Structure formats: C-alpha cells, structure tokens
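Listing of upload-v3.csv, CSV, N, CA and C atoms
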```csv
chain,number,residue,atom,x,y,z
A,13,MET,N,87.6,105.3,74.4
A,13,MET,CA,87.7,104.8,75.8
A,13,MET,C,87.2,106.0,76.6
A,14,GLU,N,86.3,105.7,77.5
A,14,GLU,CA,85.8,106.7,78.5
A,14,GLU,C,86.9,107.1,79.4
A,15,ILE,N,86.9,108.4,79.8
A,15,ILE,CA,87.9,109.0,80.6
A,15,ILE,C,88.1,108.3,81.9
A,16,LYS,N,87.1,107.8,82.5
A,16,LYS,CA,87.2,107.0,83.8
A,16,LYS,C,88.0,105.8,83.6
A,17,ASN,N,87.7,105.1,82.5
A,17,ASN,CA,88.4,103.8,82.2
A,17,ASN,C,89.9,104.1,81.9
A,18,LEU,N,90.2,105.2,81.2
A,18,LEU,CA,91.6,105.6,81.0
A,18,LEU,C,92.3,105.9,82.3
A,19,ILE,N,91.7,106.6,83.1
A,19,ILE,CA,92.3,106.9,84.4
A,19,ILE,C,92.6,105.7,85.2
A,20,PHE,N,91.6,104.8,85.2
A,20,PHE,CA,91.7,103.5,86.0
A,20,PHE,C,92.9,102.7,85.4
A,21,VAL,N,93.0,102.6,84.1
A,21,VAL,CA,94.0,101.8,83.5
A,21,VAL,C,95.4,102.4,83.7
A,22,LEU,N,95.5,103.7,83.7
A,22,LEU,CA,96.8,104.4,84.0
A,22,LEU,C,97.3,104.1,85.4
A,23,PHE,N,96.4,104.3,86.3
A,23,PHE,CA,96.7,104.0,87.7
A,23,PHE,C,97.1,102.6,88.0
A,24,ARG,N,96.3,101.7,87.3
A,24,ARG,CA,96.6,100.2,87.5
A,24,ARG,C,98.0,99.9,86.9
A,25,ALA,N,98.3,100.5,85.8
A,25,ALA,CA,99.6,100.3,85.2
A,25,ALA,C,100.7,100.8,86.1
A,26,ALA,N,100.5,101.9,86.8
A,26,ALA,CA,101.5,102.5,87.7
A,26,ALA,C,101.7,101.5,88.9
A,27,GLN,N,100.6,100.9,89.4
A,27,GLN,CA,100.7,100.0,90.5
A,27,GLN,C,101.4,98.7,90.0
A,28,PHE,N,101.1,98.3,88.8
A,28,PHE,CA,101.8,97.1,88.3
A,28,PHE,C,103.4,97.4,88.2
A,29,LEU,N,103.7,98.6,87.8
A,29,LEU,CA,105.2,98.9,87.7
A,29,LEU,C,105.8,98.9,89.1
A,30,ILE,N,105.1,99.4,90.1
A,30,ILE,CA,105.7,99.4,91.5
A,30,ILE,C,105.8,98.0,91.9
A,31,ILE,N,104.9,97.1,91.7
A,31,ILE,CA,105.0,95.7,92.1
A,31,ILE,C,106.1,95.0,91.4
A,32,ALA,N,106.2,95.3,90.1
A,32,ALA,CA,107.3,94.7,89.3
A,32,ALA,C,108.7,95.2,89.9
A,33,ARG,N,108.8,96.4,90.3
A,33,ARG,CA,110.0,97.0,90.9
A,33,ARG,C,110.3,96.3,92.2
A,34,VAL,N,109.3,95.9,93.0
A,34,VAL,CA,109.6,95.2,94.2
A,34,VAL,C,110.1,93.8,93.9
A,35,ILE,N,109.6,93.2,92.9
A,35,ILE,CA,110.1,91.8,92.5
A,35,ILE,C,111.5,91.9,92.0
A,36,VAL,N,111.8,92.9,91.2
A,36,VAL,CA,113.2,93.1,90.8
A,36,VAL,C,114.1,93.3,91.9
A,37,SER,N,113.7,94.0,93.0
A,37,SER,CA,114.6,94.2,94.1
A,37,SER,C,114.9,92.9,94.9
A,38,TRP,N,114.0,91.9,94.7
A,38,TRP,CA,114.2,90.6,95.4
A,38,TRP,C,115.1,89.7,94.7
A,39,ILE,N,115.2,89.9,93.4
A,39,ILE,CA,116.0,89.0,92.5
A,39,ILE,C,117.2,89.8,92.0
A,40,PRO,N,118.4,89.6,92.6
A,40,PRO,CA,119.5,90.5,92.2
A,40,PRO,C,119.9,90.5,90.7
A,41,LYS,N,119.8,89.3,90.1
A,41,LYS,CA,120.2,89.3,88.7
A,41,LYS,C,119.3,90.1,87.8
A,42,LEU,N,118.0,90.3,88.2
A,42,LEU,CA,117.1,91.1,87.4
A,42,LEU,C,117.5,92.6,87.5
A,43,ARG,N,118.2,93.1,88.5
A,43,ARG,CA,118.5,94.5,88.6
A,43,ARG,C,119.5,94.9,87.5
A,44,TYR,N,120.2,94.0,87.0
A,44,TYR,CA,121.2,94.3,85.9
A,44,TYR,C,120.7,94.0,84.5
A,45,HIS,N,119.5,93.5,84.4
A,45,HIS,CA,118.9,93.2,83.2
A,45,HIS,C,118.3,94.6,82.7
A,46,ALA,N,118.1,94.7,81.4
A,46,ALA,CA,117.6,96.0,80.8
A,46,ALA,C,116.2,96.3,81.4
A,47,VAL,N,115.4,95.3,81.5
A,47,VAL,CA,114.0,95.6,82.0
A,47,VAL,C,114.1,96.0,83.5
A,48,GLY,N,115.0,95.4,84.3
A,48,GLY,CA,115.2,95.8,85.7
A,48,GLY,C,115.7,97.2,85.8
A,49,ARG,N,116.7,97.5,85.0
A,49,ARG,CA,117.2,98.9,85.0
A,49,ARG,C,116.2,99.9,84.7
A,50,TRP,N,115.4,99.6,83.7
A,50,TRP,CA,114.3,100.5,83.2
A,50,TRP,C,113.3,100.7,84.4
A,51,LEU,N,112.9,99.6,85.1
A,51,LEU,CA,112.0,99.7,86.2
A,51,LEU,C,112.5,100.6,87.3
A,52,VAL,N,113.8,100.4,87.6
A,52,VAL,CA,114.4,101.2,88.7
A,52,VAL,C,114.4,102.7,88.2
A,53,GLN,N,114.8,103.0,87.0
A,53,GLN,CA,114.8,104.3,86.5
A,53,GLN,C,113.4,105.0,86.5
A,54,THR,N,112.4,104.1,86.2
A,54,THR,CA,111.0,104.6,86.1
A,54,THR,C,110.3,104.8,87.4
A,55,VAL,N,110.5,103.9,88.3
A,55,VAL,CA,109.7,103.8,89.5
A,55,VAL,C,110.4,104.6,90.7
A,56,ASP,N,111.7,104.5,90.8
A,56,ASP,CA,112.4,105.0,91.9
A,56,ASP,C,112.2,106.5,92.1
A,57,PRO,N,112.1,107.4,91.1
A,57,PRO,CA,111.9,108.8,91.3
A,57,PRO,C,110.5,109.0,92.1
A,58,PHE,N,109.6,108.2,91.9
A,58,PHE,CA,108.3,108.3,92.7
A,58,PHE,C,108.5,107.7,94.1
A,59,LEU,N,109.3,106.7,94.3
A,59,LEU,CA,109.5,106.1,95.6
A,59,LEU,C,110.5,106.9,96.5
A,60,LYS,N,111.4,107.6,95.9
A,60,LYS,CA,112.4,108.3,96.7
A,60,LYS,C,111.9,109.3,97.7
A,61,PRO,N,110.9,110.1,97.4
A,61,PRO,CA,110.3,111.0,98.4
A,61,PRO,C,109.7,110.3,99.6
A,62,LEU,N,109.1,109.1,99.3
A,62,LEU,CA,108.5,108.3,100.4
A,62,LEU,C,109.6,107.7,101.2
A,63,ARG,N,110.7,107.3,100.6
A,63,ARG,CA,111.8,106.7,101.4
A,63,ARG,C,112.5,107.8,102.3
A,64,ARG,N,112.4,109.0,101.9
A,64,ARG,CA,112.9,110.1,102.8
A,64,ARG,C,112.0,110.2,104.0
A,65,LEU,N,110.7,110.0,103.9
A,65,LEU,CA,109.8,110.1,105.0
A,65,LEU,C,110.0,109.0,106.0
A,66,LEU,N,110.2,107.8,105.5
A,66,LEU,CA,110.4,106.6,106.3
A,66,LEU,C,111.6,105.8,105.8
A,67,PRO,N,112.8,106.2,106.2
A,67,PRO,CA,114.0,105.5,105.7
A,67,PRO,C,114.0,104.0,106.1
A,68,PRO,N,114.5,103.1,105.2
A,68,PRO,CA,114.5,101.7,105.6
A,68,PRO,C,115.3,101.4,106.9
A,69,TRP,N,116.3,102.2,107.2
A,69,TRP,CA,117.1,102.0,108.4
A,69,TRP,C,116.3,102.2,109.7
A,70,LYS,N,115.2,102.9,109.6
A,70,LYS,CA,114.3,103.2,110.7
A,70,LYS,C,113.3,102.1,110.9
A,71,THR,N,113.1,101.2,109.9
A,71,THR,CA,112.1,100.2,109.9
A,71,THR,C,112.8,98.8,109.9
A,72,GLY,N,113.9,98.7,110.4
A,72,GLY,CA,114.6,97.4,110.5
A,72,GLY,C,115.1,96.9,109.1
A,73,GLY,N,115.4,97.8,108.2
A,73,GLY,CA,115.9,97.5,106.9
A,73,GLY,C,114.8,97.2,105.9
A,74,LEU,N,113.6,97.3,106.3
A,74,LEU,CA,112.5,97.0,105.4
A,74,LEU,C,112.1,98.3,104.7
A,75,ASP,N,111.9,98.3,103.4
A,75,ASP,CA,111.5,99.4,102.6
A,75,ASP,C,110.0,99.4,102.4
A,76,PHE,N,109.3,100.3,103.1
A,76,PHE,CA,107.8,100.3,103.0
A,76,PHE,C,107.3,101.3,102.0
A,77,SER,N,108.3,102.0,101.3
A,77,SER,CA,107.9,103.0,100.3
A,77,SER,C,107.0,102.4,99.2
A,78,PRO,N,107.2,101.2,98.7
A,78,PRO,CA,106.3,100.7,97.6
A,78,PRO,C,104.8,100.5,98.2
A,79,LEU,N,104.7,100.1,99.4
A,79,LEU,CA,103.4,99.9,100.0
A,79,LEU,C,102.7,101.2,100.1
A,80,PHE,N,103.4,102.2,100.6
A,80,PHE,CA,102.8,103.6,100.8
A,80,PHE,C,102.5,104.1,99.4
A,81,ALA,N,103.3,103.9,98.4
A,81,ALA,CA,103.0,104.4,97.0
A,81,ALA,C,101.8,103.7,96.5
A,82,LEU,N,101.6,102.4,96.7
A,82,LEU,CA,100.4,101.8,96.3
A,82,LEU,C,99.1,102.3,96.9
A,83,ILE,N,99.2,102.6,98.2
A,83,ILE,CA,98.1,103.2,99.0
A,83,ILE,C,97.8,104.6,98.5
A,84,LEU,N,98.8,105.4,98.3
A,84,LEU,CA,98.6,106.7,97.8
A,84,LEU,C,98.0,106.7,96.4
A,85,LEU,N,98.5,105.8,95.5
A,85,LEU,CA,97.9,105.7,94.2
A,85,LEU,C,96.4,105.4,94.3
A,86,ASP,N,96.0,104.4,95.1
A,86,ASP,CA,94.6,104.1,95.3
A,86,ASP,C,93.8,105.3,95.8
A,87,ILE,N,94.3,106.0,96.7
A,87,ILE,CA,93.6,107.2,97.2
A,87,ILE,C,93.4,108.2,96.1
A,88,LEU,N,94.5,108.5,95.5
A,88,LEU,CA,94.5,109.5,94.4
A,88,LEU,C,93.6,109.1,93.3
A,89,ARG,N,93.6,107.8,92.9
A,89,ARG,CA,92.7,107.4,91.8
A,89,ARG,C,91.3,107.6,92.2
A,90,GLU,N,90.9,107.2,93.4
A,90,GLU,CA,89.5,107.3,93.9
A,90,GLU,C,89.1,108.8,93.9
A,91,LEU,N,90.0,109.7,94.4
A,91,LEU,CA,89.7,111.1,94.4
A,91,LEU,C,89.4,111.7,93.0
A,92,ILE,N,90.3,111.2,92.1
A,92,ILE,CA,90.1,111.7,90.7
A,92,ILE,C,88.9,111.1,90.1
A,93,LEU,N,88.6,109.9,90.3
A,93,LEU,CA,87.4,109.2,89.7
A,93,LEU,C,86.1,109.8,90.2
A,94,ARG,N,86.1,110.2,91.5
A,94,ARG,CA,84.9,110.8,92.0
A,94,ARG,C,84.7,112.2,91.5
A,95,ALA,N,85.7,112.8,91.0
A,95,ALA,CA,85.5,114.2,90.4
A,95,ALA,C,84.8,114.1,89.0
A,96,PHE,N,84.9,112.9,88.4
A,96,PHE,CA,84.2,112.7,87.1
A,96,PHE,C,82.9,112.2,87.3
```

Could I get this structure in the form of structure tokens?
Amino acid sequence: MEIKNLIFVLFRAAQFLIIARVIVSWIPKLRYHAVGRWLVQTVDPFLKPLRRLLPPWKTGGLDFSPLFALILLDILRELILRAF
C-alpha cells in the first residue's frame, strides 16, 4: 500500500471513530456496552483538550469538540499528504 493511501486510511478511521463516539453519546444504553466504553476510552483523550478550549457550558450545553476534531484531522491530513 502506498504511504499516501495508508495515511488517508488512518485519518479516515480516526474520523469514523469520532463520529461513532458522537452516536454513542446520543444513545445512553450504548455508553455501557463494551464497544461504547472502548470508544469513549479511545476517542475522549483526543477530545478533552478541545473541550477545555470550548467547554460545553459556554455553548449552551452543546459539545463542539468532535466537530473541531474532525476539522483538525482534515487539515492535518492535507498538510501531511502535501508533504509526500
């Protein structure tokens, strides 16, 4: 597999995990399922610094950290791919 394709796939997988984490947060029963717990443990360390920058209580209770994480991943992916 070419390095560009590998980078693209890794970043796409990270984006998929963030979106899955958002879905888990909407369905309370999933939070206690093994997959839900794994998603929280995997994705939340990446989201926590973003939550500190823009806490949900300042945005009317909405957590925009996943959106910012997706945007940051897109930017980072493009910067890395342009280097190759």

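Shortest atom-to-atom contact with A:Leu62 among A:Leu29, A:Ile39, A:Gly48, A:Leu82: A:Leu82, counting only C-alpha atoms.
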
Would you work out the distance separating atom C of A:Leu51 from atom CA of A:Ala32, expressed in Å to one decimal? 8.1 Å

Report, in Å to a single decimal, how far apart atom CA of A:Ile30 and atom CA of A:Val55 are.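 According to the coordinates, atom CA of A:Val55 and atom CA of A:Ile30 are separated by 6.3 Å.
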
Would you mind reading off the distance between atom CA of A:Lys16 and atom CA of A:Leu91, one decimal, in Å? 11.6 Å

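Each of A:Ala95, A:Pro61, A:Trp50, A:Arg24 was compared to A:Val36 using only C-alpha atoms, and A:Trp50 turns out to be the nearest.
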
Would you mind writing down, as JSON, numbers by chain, each residue of chain A that DSSP on the backbone assigns to alpha helix (DSSP H)? {"A": [15, 16, 17, 18, 19, 20, 21, 22, 23, 24, 25, 26, 27, 28, 29, 30, 31, 32, 33, 34, 35, 36, 37, 38, 40, 41, 42, 43, 46, 47, 48, 49, 50, 51, 52, 53, 54, 55, 56, 57, 58, 59, 60, 61, 62, 63, 64, 65, 77, 78, 79, 80, 81, 82, 83, 84, 85, 86, 87, 88, 89, 90, 91, 92, 93, 94, 95]}

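Proximity ranking of A:Leu74, A:Leu42, A:Ile19, A:Ala26 relative to A:Ile92 places A:Ile19 first, based on only N, CA and C atoms.
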
Kindly indicate which residue among A:Ser77, A:Gln27, A:Ser37, A:Asn17 lies nearest to A:Arg64, using all atoms listed in the file for the distances.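 Checking each candidate against A:Arg64, we get A:Ser77 as the closest.
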
For A:Arg89, work out the shell of residues within 7 Å, counting only N, CA and C atoms and skipping chain neighbours fewer than 5 positions away, then give it as a PyMOL selection string. chain A and resi 19+23+84+94

List as a PyMOL selection string the residues having at least one atom at most 6.5 Å from position (105.9, 98.6, 96.2) as given in the file, counting only N, CA and C atoms. chain A and resi 30-31+33-34+77-82
